[in-house]
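So this block is protein.csv, CSV, N, CA and C atoms:
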```csv
chain,number,residue,atom,x,y,z
K,1,MET,N,46.8,-58.7,10.3
K,1,MET,CA,47.1,-57.7,11.2
K,1,MET,C,46.8,-56.3,10.7
K,2,LEU,N,47.0,-56.1,9.5
K,2,LEU,CA,46.6,-54.9,8.8
K,2,LEU,C,45.1,-54.6,8.9
K,3,SER,N,44.4,-55.7,8.7
K,3,SER,CA,42.9,-55.5,8.7
K,3,SER,C,42.5,-55.2,10.1
K,4,ARG,N,43.1,-55.8,11.1
K,4,ARG,CA,42.8,-55.5,12.5
K,4,ARG,C,43.1,-54.1,12.8
K,5,LEU,N,44.2,-53.6,12.4
K,5,LEU,CA,44.6,-52.2,12.6
K,5,LEU,C,43.6,-51.3,11.9
K,6,LEU,N,43.2,-51.7,10.7
K,6,LEU,CA,42.3,-50.9,10.0
K,6,LEU,C,40.9,-50.8,10.7
K,7,LYS,N,40.5,-52.0,11.2
K,7,LYS,CA,39.2,-52.0,12.0
K,7,LYS,C,39.3,-51.2,13.3
K,8,GLU,N,40.5,-51.3,13.9
K,8,GLU,CA,40.7,-50.5,15.2
K,8,GLU,C,40.7,-49.0,14.8
K,9,HIS,N,41.3,-48.7,13.8
K,9,HIS,CA,41.4,-47.3,13.3
K,9,HIS,C,40.0,-46.8,13.0
K,10,GLN,N,39.2,-47.6,12.3
K,10,GLN,CA,37.8,-47.2,11.9
K,10,GLN,C,36.9,-47.1,13.2
K,11,ALA,N,37.2,-48.0,14.1
K,11,ALA,CA,36.4,-48.0,15.4
K,11,ALA,C,36.7,-46.8,16.1
K,12,LYS,N,38.0,-46.4,16.2
K,12,LYS,CA,38.4,-45.2,16.9
K,12,LYS,C,37.8,-43.9,16.2
K,13,GLN,N,37.8,-44.0,14.9
K,13,GLN,CA,37.3,-42.8,14.2
K,13,GLN,C,35.8,-42.7,14.4
K,14,ASN,N,35.1,-43.9,14.4
K,14,ASN,CA,33.7,-43.8,14.7
K,14,ASN,C,33.4,-43.3,16.1
K,15,GLU,N,34.2,-43.8,17.1
K,15,GLU,CA,34.1,-43.3,18.5
K,15,GLU,C,34.3,-41.8,18.5
K,16,ARG,N,35.3,-41.3,17.8
K,16,ARG,CA,35.6,-39.8,17.8
K,16,ARG,C,34.4,-39.1,17.1
K,17,LYS,N,33.9,-39.6,16.1
K,17,LYS,CA,32.8,-39.0,15.4
K,17,LYS,C,31.6,-38.9,16.3
K,18,GLU,N,31.3,-40.1,17.0
K,18,GLU,CA,30.2,-40.1,17.9
K,18,GLU,C,30.4,-39.1,19.1
K,19,LEU,N,31.6,-39.1,19.6
K,19,LEU,CA,31.9,-38.2,20.7
K,19,LEU,C,31.8,-36.7,20.2
K,20,GLN,N,32.3,-36.5,19.0
K,20,GLN,CA,32.2,-35.1,18.4
K,20,GLN,C,30.7,-34.8,18.2
K,21,GLU,N,30.0,-35.7,17.7
K,21,GLU,CA,28.5,-35.5,17.4
K,21,GLU,C,27.8,-35.2,18.8
K,22,ARG,N,28.1,-36.0,19.8
K,22,ARG,CA,27.5,-35.8,21.1
K,22,ARG,C,27.9,-34.4,21.7
K,23,ARG,N,29.1,-34.1,21.5
K,23,ARG,CA,29.6,-32.7,22.0
K,23,ARG,C,28.9,-31.6,21.2
K,24,ARG,N,28.7,-31.8,19.9
K,24,ARG,CA,28.1,-30.8,19.1
K,24,ARG,C,26.6,-30.7,19.5
K,25,ARG,N,25.9,-31.8,19.8
K,25,ARG,CA,24.5,-31.8,20.2
K,25,ARG,C,24.4,-31.1,21.6
K,26,ASP,N,25.4,-31.4,22.5
K,26,ASP,CA,25.4,-30.8,23.8
K,26,ASP,C,25.6,-29.3,23.7
K,27,ALA,N,26.5,-28.9,22.8
K,27,ALA,CA,26.8,-27.5,22.6
K,27,ALA,C,25.6,-26.8,22.1
K,28,ILE,N,24.9,-27.4,21.1
K,28,ILE,CA,23.7,-26.8,20.6
K,28,ILE,C,22.6,-26.7,21.6
K,29,ALA,N,22.5,-27.7,22.4
K,29,ALA,CA,21.5,-27.7,23.5
K,29,ALA,C,21.8,-26.6,24.5
K,30,ALA,N,23.1,-26.5,24.9
K,30,ALA,CA,23.5,-25.5,25.8
K,30,ALA,C,23.3,-24.1,25.3
K,31,ALA,N,23.6,-23.9,24.0
K,31,ALA,CA,23.4,-22.6,23.3
K,31,ALA,C,21.9,-22.3,23.3
K,32,THR,N,21.1,-23.3,23.0
K,32,THR,CA,19.7,-23.1,22.9
K,32,THR,C,19.1,-22.7,24.3
K,33,CYS,N,19.6,-23.4,25.4
K,33,CYS,CA,19.2,-23.1,26.7
K,33,CYS,C,19.6,-21.6,27.1
K,34,LEU,N,20.9,-21.3,26.7
K,34,LEU,CA,21.4,-20.0,27.0
K,34,LEU,C,20.5,-18.9,26.3
K,35,THR,N,20.3,-19.2,25.0
K,35,THR,CA,19.5,-18.2,24.2
K,35,THR,C,18.1,-18.1,24.8
K,36,GLU,N,17.5,-19.2,25.2
K,36,GLU,CA,16.1,-19.1,25.8
K,36,GLU,C,16.2,-18.3,27.1
K,37,ALA,N,17.2,-18.6,27.9
K,37,ALA,CA,17.3,-17.9,29.2
K,37,ALA,C,17.5,-16.4,29.0
K,38,LEU,N,18.3,-16.0,28.0
K,38,LEU,CA,18.5,-14.6,27.7
K,38,LEU,C,17.3,-14.0,27.2
K,39,VAL,N,16.6,-14.7,26.3
K,39,VAL,CA,15.3,-14.1,25.7
K,39,VAL,C,14.3,-14.0,26.8
K,40,ASP,N,14.2,-15.0,27.7
K,40,ASP,CA,13.2,-14.9,28.8
K,40,ASP,C,13.5,-13.7,29.7
K,41,HIS,N,14.8,-13.6,30.0
K,41,HIS,CA,15.2,-12.5,30.9
K,41,HIS,C,14.9,-11.1,30.2
K,42,LEU,N,15.2,-11.0,28.9
K,42,LEU,CA,14.9,-9.8,28.2
K,42,LEU,C,13.4,-9.6,28.1
K,43,ASN,N,12.6,-10.6,27.9
K,43,ASN,CA,11.2,-10.5,27.8
K,43,ASN,C,10.6,-10.0,29.2
K,44,VAL,N,11.1,-10.5,30.3
K,44,VAL,CA,10.7,-10.1,31.6
K,44,VAL,C,10.9,-8.6,31.7
K,45,GLY,N,12.1,-8.1,31.3
K,45,GLY,CA,12.3,-6.7,31.4
K,45,GLY,C,11.4,-5.9,30.4
K,46,VAL,N,11.2,-6.4,29.2
K,46,VAL,CA,10.4,-5.7,28.3
K,46,VAL,C,8.9,-5.7,28.8
K,47,ALA,N,8.5,-6.8,29.3
K,47,ALA,CA,7.1,-6.9,29.9
K,47,ALA,C,7.0,-5.9,31.0
K,48,GLN,N,8.0,-5.8,31.9
K,48,GLN,CA,7.9,-4.8,33.0
K,48,GLN,C,7.9,-3.4,32.5
K,49,ALA,N,8.7,-3.1,31.5
K,49,ALA,CA,8.7,-1.8,30.9
K,49,ALA,C,7.3,-1.5,30.3
K,50,TYR,N,6.7,-2.4,29.6
K,50,TYR,CA,5.4,-2.2,29.0
K,50,TYR,C,4.4,-1.9,30.1
K,51,VAL,N,4.4,-2.7,31.2
K,51,VAL,CA,3.5,-2.5,32.3
K,51,VAL,C,3.7,-1.1,32.9
K,52,ASN,N,4.9,-0.7,33.1
K,52,ASN,CA,5.3,0.6,33.6
K,52,ASN,C,4.8,1.7,32.7
K,53,GLN,N,4.9,1.5,31.4
K,53,GLN,CA,4.5,2.5,30.4
K,53,GLN,C,3.0,2.6,30.5
K,54,ARG,N,2.3,1.5,30.6
K,54,ARG,CA,0.8,1.6,30.7
K,54,ARG,C,0.4,2.3,32.0
K,55,LYS,N,1.1,2.1,33.1
K,55,LYS,CA,0.8,2.8,34.3
K,55,LYS,C,1.0,4.3,34.1
K,56,LEU,N,2.1,4.6,33.5
K,56,LEU,CA,2.4,6.0,33.3
K,56,LEU,C,1.4,6.7,32.4
K,57,ASP,N,1.0,6.0,31.4
K,57,ASP,CA,-0.1,6.5,30.5
K,57,ASP,C,-1.3,6.8,31.2
K,58,HIS,N,-1.7,5.9,32.1
K,58,HIS,CA,-2.9,6.0,32.9
K,58,HIS,C,-2.8,7.2,33.9
K,59,GLU,N,-1.6,7.3,34.5
K,59,GLU,CA,-1.4,8.4,35.4
K,59,GLU,C,-1.4,9.8,34.7
K,60,VAL,N,-0.8,9.8,33.5
K,60,VAL,CA,-0.8,11.0,32.7
K,60,VAL,C,-2.3,11.4,32.3
K,61,LYS,N,-3.1,10.5,31.9
K,61,LYS,CA,-4.5,10.8,31.6
K,61,LYS,C,-5.2,11.3,32.9
K,62,THR,N,-5.0,10.6,34.0
K,62,THR,CA,-5.6,11.1,35.2
K,62,THR,C,-5.2,12.5,35.6
K,63,LEU,N,-3.9,12.7,35.5
K,63,LEU,CA,-3.4,14.1,35.8
K,63,LEU,C,-3.9,15.1,34.8
K,64,GLN,N,-4.1,14.8,33.6
K,64,GLN,CA,-4.7,15.7,32.6
K,64,GLN,C,-6.1,16.1,33.0
K,65,VAL,N,-6.9,15.0,33.4
K,65,VAL,CA,-8.3,15.3,33.8
K,65,VAL,C,-8.3,16.2,35.1
K,66,GLN,N,-7.5,15.8,36.0
K,66,GLN,CA,-7.4,16.6,37.3
K,66,GLN,C,-6.9,18.0,37.0
K,67,ALA,N,-6.0,18.2,36.1
K,67,ALA,CA,-5.5,19.6,35.8
K,67,ALA,C,-6.7,20.4,35.1
K,68,GLY,N,-7.5,19.7,34.3
K,68,GLY,CA,-8.6,20.4,33.7
K,68,GLY,C,-9.6,20.8,34.7
K,69,GLN,N,-9.9,19.9,35.6
K,69,GLN,CA,-10.8,20.2,36.7
K,69,GLN,C,-10.3,21.3,37.6
K,70,PHE,N,-9.0,21.3,37.9
K,70,PHE,CA,-8.4,22.4,38.7
K,70,PHE,C,-8.5,23.7,38.0
K,71,SER,N,-8.3,23.7,36.7
K,71,SER,CA,-8.3,24.9,35.9
K,71,SER,C,-9.8,25.5,35.9
K,72,LYS,N,-10.8,24.6,35.8
K,72,LYS,CA,-12.2,25.1,35.9
K,72,LYS,C,-12.5,25.7,37.2
K,73,GLN,N,-12.0,25.0,38.3
K,73,GLN,CA,-12.3,25.4,39.6
K,73,GLN,C,-11.6,26.7,39.9
K,74,THR,N,-10.4,26.9,39.4
K,74,THR,CA,-9.6,28.1,39.6
K,74,THR,C,-10.3,29.3,38.9
K,75,ALA,N,-10.8,29.0,37.7
K,75,ALA,CA,-11.6,30.0,37.0
K,75,ALA,C,-12.8,30.4,37.7
K,76,GLN,N,-13.5,29.5,38.4
K,76,GLN,CA,-14.7,29.8,39.2
K,76,GLN,C,-14.2,30.7,40.4
K,77,TRP,N,-13.1,30.3,41.0
K,77,TRP,CA,-12.6,31.1,42.2
K,77,TRP,C,-12.3,32.5,41.7
K,78,ILE,N,-11.6,32.6,40.6
K,78,ILE,CA,-11.3,34.0,40.1
K,78,ILE,C,-12.5,34.8,39.9
K,79,SER,N,-13.5,34.1,39.3
K,79,SER,CA,-14.8,34.8,39.0
K,79,SER,C,-15.5,35.3,40.4
K,80,MET,N,-15.4,34.4,41.3
K,80,MET,CA,-16.0,34.7,42.6
K,80,MET,C,-15.2,35.9,43.3
K,81,VAL,N,-13.9,35.9,43.2
K,81,VAL,CA,-13.1,37.0,43.8
K,81,VAL,C,-13.4,38.3,43.1
K,82,GLU,N,-13.5,38.2,41.8
K,82,GLU,CA,-13.8,39.4,41.0
K,82,GLU,C,-15.2,40.0,41.4
K,83,GLY,N,-16.1,39.1,41.6
K,83,GLY,CA,-17.5,39.5,42.0
K,83,GLY,C,-17.4,40.1,43.4
K,84,PHE,N,-16.6,39.5,44.3
K,84,PHE,CA,-16.5,40.1,45.6
K,84,PHE,C,-15.8,41.4,45.6
K,85,ASN,N,-14.8,41.6,44.8
K,85,ASN,CA,-14.1,42.9,44.6
K,85,ASN,C,-15.1,43.9,44.1
K,86,GLN,N,-15.9,43.6,43.1
K,86,GLN,CA,-16.9,44.5,42.6
K,86,GLN,C,-17.9,44.9,43.7
K,87,ALA,N,-18.3,43.9,44.5
K,87,ALA,CA,-19.3,44.2,45.6
K,87,ALA,C,-18.6,45.1,46.6
K,88,LEU,N,-17.4,44.9,46.9
K,88,LEU,CA,-16.7,45.8,47.8
K,88,LEU,C,-16.6,47.3,47.2
K,89,LYS,N,-16.3,47.4,45.9
K,89,LYS,CA,-16.3,48.7,45.3
K,89,LYS,C,-17.7,49.3,45.4
K,90,GLU,N,-18.7,48.5,45.2
K,90,GLU,CA,-20.1,49.1,45.2
K,90,GLU,C,-20.4,49.5,46.7
K,91,ILE,N,-20.0,48.8,47.7
K,91,ILE,CA,-20.1,49.2,49.1
K,91,ILE,C,-19.4,50.5,49.3
K,92,GLY,N,-18.2,50.5,48.8
K,92,GLY,CA,-17.4,51.8,49.0
K,92,GLY,C,-18.1,52.9,48.3
K,93,ASP,N,-18.7,52.7,47.1
K,93,ASP,CA,-19.5,53.8,46.4
K,93,ASP,C,-20.7,54.2,47.2
K,94,VAL,N,-21.4,53.2,47.8
K,94,VAL,CA,-22.6,53.5,48.6
K,94,VAL,C,-22.2,54.3,49.9
K,95,GLU,N,-21.0,53.9,50.5
K,95,GLU,CA,-20.5,54.6,51.6
K,95,GLU,C,-20.2,56.0,51.3
K,96,ASN,N,-19.5,56.2,50.2
K,96,ASN,CA,-19.2,57.6,49.7
K,96,ASN,C,-20.5,58.4,49.5
K,97,TRP,N,-21.5,57.7,48.8
K,97,TRP,CA,-22.7,58.4,48.5
K,97,TRP,C,-23.4,58.8,49.8
K,98,ALA,N,-23.4,57.8,50.8
K,98,ALA,CA,-24.0,58.1,52.1
K,98,ALA,C,-23.4,59.3,52.8
K,99,ARG,N,-22.1,59.4,52.8
K,99,ARG,CA,-21.3,60.5,53.4
K,99,ARG,C,-21.7,61.8,52.7
K,100,SER,N,-21.8,61.7,51.3
K,100,SER,CA,-22.1,62.9,50.6
K,100,SER,C,-23.5,63.4,51.0
K,101,ILE,N,-24.5,62.5,51.1
K,101,ILE,CA,-25.8,62.8,51.5
K,101,ILE,C,-25.9,63.4,52.9
K,102,GLU,N,-25.1,62.7,53.8
K,102,GLU,CA,-25.0,63.2,55.2
K,102,GLU,C,-24.5,64.6,55.2
K,103,MET,N,-23.5,64.9,54.4
K,103,MET,CA,-22.9,66.3,54.4
K,103,MET,C,-23.9,67.3,53.9
K,104,ASP,N,-24.6,66.9,52.8
K,104,ASP,CA,-25.7,67.7,52.3
K,104,ASP,C,-26.8,68.0,53.3
K,105,MET,N,-27.2,66.9,54.0
K,105,MET,CA,-28.2,67.1,55.0
K,105,MET,C,-27.8,68.0,56.2
K,106,ARG,N,-26.5,67.8,56.6
K,106,ARG,CA,-26.0,68.7,57.6
K,106,ARG,C,-26.0,70.2,57.2
K,107,THR,N,-25.6,70.3,55.9
K,107,THR,CA,-25.6,71.7,55.4
K,107,THR,C,-27.0,72.3,55.4
K,108,ILE,N,-27.9,71.5,54.9
K,108,ILE,CA,-29.3,71.9,54.9
K,108,ILE,C,-29.8,72.2,56.3
K,109,ALA,N,-29.5,71.3,57.2
K,109,ALA,CA,-29.9,71.4,58.6
K,109,ALA,C,-29.3,72.7,59.2
K,110,THR,N,-28.1,73.0,58.9
K,110,THR,CA,-27.4,74.2,59.4
K,110,THR,C,-28.1,75.4,58.8
K,111,ALA,N,-28.4,75.3,57.5
K,111,ALA,CA,-29.0,76.4,56.9
K,111,ALA,C,-30.4,76.7,57.5
K,112,LEU,N,-31.2,75.6,57.7
K,112,LEU,CA,-32.5,75.7,58.3
K,112,LEU,C,-32.4,76.3,59.7
K,113,GLU,N,-31.4,75.9,60.5
K,113,GLU,CA,-31.3,76.4,61.9
K,113,GLU,C,-30.9,77.9,61.8
K,114,TYR,N,-30.1,78.2,60.8
K,114,TYR,CA,-29.7,79.7,60.7
K,114,TYR,C,-31.0,80.5,60.3
K,115,VAL,N,-31.8,80.0,59.4
K,115,VAL,CA,-33.0,80.7,59.0
K,115,VAL,C,-33.9,80.7,60.1
K,116,HIS,N,-34.1,79.7,60.9
K,116,HIS,CA,-35.0,79.6,62.0
K,116,HIS,C,-34.6,80.6,63.1
K,117,LYS,N,-33.3,80.6,63.4
K,117,LYS,CA,-32.8,81.6,64.4
K,117,LYS,C,-33.0,83.0,63.9
K,118,GLY,N,-32.8,83.2,62.6
K,118,GLY,CA,-33.0,84.6,62.0
K,118,GLY,C,-34.4,85.0,62.2
K,119,GLN,N,-35.4,84.1,62.0
K,119,GLN,CA,-36.8,84.4,62.1
K,119,GLN,C,-37.2,84.7,63.5
K,120,LEU,N,-36.6,83.9,64.5
K,120,LEU,CA,-36.8,84.1,65.9
K,120,LEU,C,-36.3,85.4,66.4
K,121,GLN,N,-35.2,85.8,65.9
K,121,GLN,CA,-34.6,87.1,66.3
K,121,GLN,C,-35.4,88.3,65.7
K,122,SER,N,-35.9,88.1,64.5
K,122,SER,CA,-36.7,89.2,63.9
K,122,SER,C,-38.1,89.3,64.6
K,123,ALA,N,-38.6,88.1,65.0
K,123,ALA,CA,-39.9,88.2,65.7
K,123,ALA,C,-39.8,88.7,67.1
K,124,SER,N,-38.7,88.5,67.7
K,124,SER,CA,-38.5,89.0,69.1
K,124,SER,C,-38.1,90.5,69.1
K,125,SER,N,-37.6,91.0,68.0
K,125,SER,CA,-37.2,92.4,68.0
K,125,SER,C,-38.3,93.3,67.7
```
Have the structure of the file written as structure tokens, please.
Amino acid sequence: MLSRLLKEHQAKQNERKELQERRRRDAIAAATCLTEALVDHLNVGVAQAYVNQRKLDHEVKTLQVQAGQFSKQTAQWISMVEGFNQALKEIGDVENWARSIEMDMRTIATALEYVHKGQLQSASS
């Protein structure tokens, strides 16, 4: 009877050890699955962040190129406007010069008329 109790006890212990081992393996498997799922989820986020960063880098480079082109074009426009302003000043200078010449010509014409009238009056007297 004692040996039968001992065998039953050992059988129950073996069953408990096997059950405990099975549970331990299941727990390890579940923990591994959870860890893999978490890592996969994090990797997806990291991968998306990396893709977004690459897109942003590309956009920044494109924007820098466009800003440089815009700066050059703006400098050309400024140069054109300054040239136009200079041309307007020159036109204004020519206009003033033409007015001055016109005034001088009128003065000369008036003087010539005066002299001509003076000569006509002396010849008729």
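Between CA of Met1 in chain K and CA of Glu18 in chain K lies a distance of 25.3 Å.
The coordinates place atom N of His116 in chain K at 27.2 Å from CA of Trp97 in chain K.
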Separation of atom N of Ala37 in chain K from CA of Tyr50 in chain K, in Å and rounded to one decimal: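 For atom N of Ala37 in chain K relative to CA of Tyr50 in chain K, the distance reads 20.2 Å.
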Can you write range 52-115 of chain K from the block above with C-alpha atoms, as an mmCIF file, in the first residue's frame?
```
data_model
loop_
_atom_site.group_PDB
_atom_site.id
_atom_site.type_symbol
_atom_site.label_atom_id
_atom_site.label_comp_id
_atom_site.auth_asym_id
_atom_site.auth_seq_id
_atom_site.Cartn_x
_atom_site.Cartn_y
_atom_site.Cartn_z
ATOM 1 C CA ASN K 52 7.875 60.486 -43.965
ATOM 2 C CA GLN K 53 11.334 61.826 -43.106
ATOM 3 C CA ARG K 54 12.622 60.927 -46.580
ATOM 4 C CA LYS K 55 9.639 62.685 -48.153
ATOM 5 C CA LEU K 56 10.263 65.749 -46.002
ATOM 6 C CA ASP K 57 13.951 65.763 -46.941
ATOM 7 C CA HIS K 58 13.015 65.598 -50.612
ATOM 8 C CA GLU K 59 10.486 68.408 -50.202
ATOM 9 C CA VAL K 60 13.062 70.543 -48.363
ATOM 10 C CA LYS K 61 15.580 70.066 -51.181
ATOM 11 C CA THR K 62 12.937 70.924 -53.774
ATOM 12 C CA LEU K 63 11.920 73.983 -51.806
ATOM 13 C CA GLN K 64 15.549 75.105 -51.512
ATOM 14 C CA VAL K 65 16.019 74.802 -55.280
ATOM 15 C CA GLN K 66 12.794 76.690 -55.938
ATOM 16 C CA ALA K 67 13.730 79.384 -53.425
ATOM 17 C CA GLY K 68 17.080 79.818 -55.188
ATOM 18 C CA GLN K 69 15.362 80.096 -58.563
ATOM 19 C CA PHE K 70 12.856 82.569 -57.165
ATOM 20 C CA SER K 71 15.683 84.616 -55.682
ATOM 21 C CA LYS K 72 17.456 84.774 -59.061
ATOM 22 C CA GLN K 73 14.238 85.689 -60.844
ATOM 23 C CA THR K 74 13.499 88.372 -58.257
ATOM 24 C CA ALA K 75 16.991 89.809 -58.747
ATOM 25 C CA GLN K 76 16.346 89.923 -62.503
ATOM 26 C CA TRP K 77 13.021 91.672 -61.948
ATOM 27 C CA ILE K 78 14.659 94.201 -59.641
ATOM 28 C CA SER K 79 17.326 94.846 -62.270
ATOM 29 C CA MET K 80 14.662 95.323 -64.937
ATOM 30 C CA VAL K 81 12.690 97.734 -62.733
ATOM 31 C CA GLU K 82 15.835 99.724 -61.953
ATOM 32 C CA GLY K 83 16.605 99.904 -65.688
ATOM 33 C CA PHE K 84 13.052 101.038 -66.369
ATOM 34 C CA ASN K 85 13.324 103.693 -63.655
ATOM 35 C CA GLN K 86 16.604 104.904 -65.172
ATOM 36 C CA ALA K 87 14.984 105.064 -68.622
ATOM 37 C CA LEU K 88 12.105 107.088 -67.165
ATOM 38 C CA LYS K 89 14.595 109.486 -65.577
ATOM 39 C CA GLU K 90 16.383 109.843 -68.882
ATOM 40 C CA ILE K 91 13.066 110.513 -70.647
ATOM 41 C CA GLY K 92 12.333 113.138 -68.016
ATOM 42 C CA ASP K 93 15.789 114.653 -68.597
ATOM 43 C CA VAL K 94 15.196 114.696 -72.372
ATOM 44 C CA GLU K 95 11.798 116.288 -71.819
ATOM 45 C CA ASN K 96 13.326 118.983 -69.623
ATOM 46 C CA TRP K 97 16.093 119.499 -72.172
ATOM 47 C CA ALA K 98 13.484 119.793 -74.954
ATOM 48 C CA ARG K 99 11.522 122.377 -72.938
ATOM 49 C CA SER K 100 14.686 124.311 -72.294
ATOM 50 C CA ILE K 101 15.578 124.272 -76.007
ATOM 51 C CA GLU K 102 12.004 125.277 -76.896
ATOM 52 C CA MET K 103 12.163 128.224 -74.484
ATOM 53 C CA ASP K 104 15.533 129.276 -75.913
ATOM 54 C CA MET K 105 14.144 129.024 -79.474
ATOM 55 C CA ARG K 106 11.107 131.123 -78.535
ATOM 56 C CA THR K 107 13.378 133.701 -76.961
ATOM 57 C CA ILE K 108 15.517 133.765 -80.099
ATOM 58 C CA ALA K 109 12.403 133.900 -82.339
ATOM 59 C CA THR K 110 11.001 136.766 -80.293
ATOM 60 C CA ALA K 111 14.312 138.568 -80.470
ATOM 61 C CA LEU K 112 14.501 138.041 -84.239
ATOM 62 C CA GLU K 113 10.914 139.316 -84.655
ATOM 63 C CA TYR K 114 11.750 142.339 -82.574
ATOM 64 C CA VAL K 115 14.863 143.025 -84.643
#
```
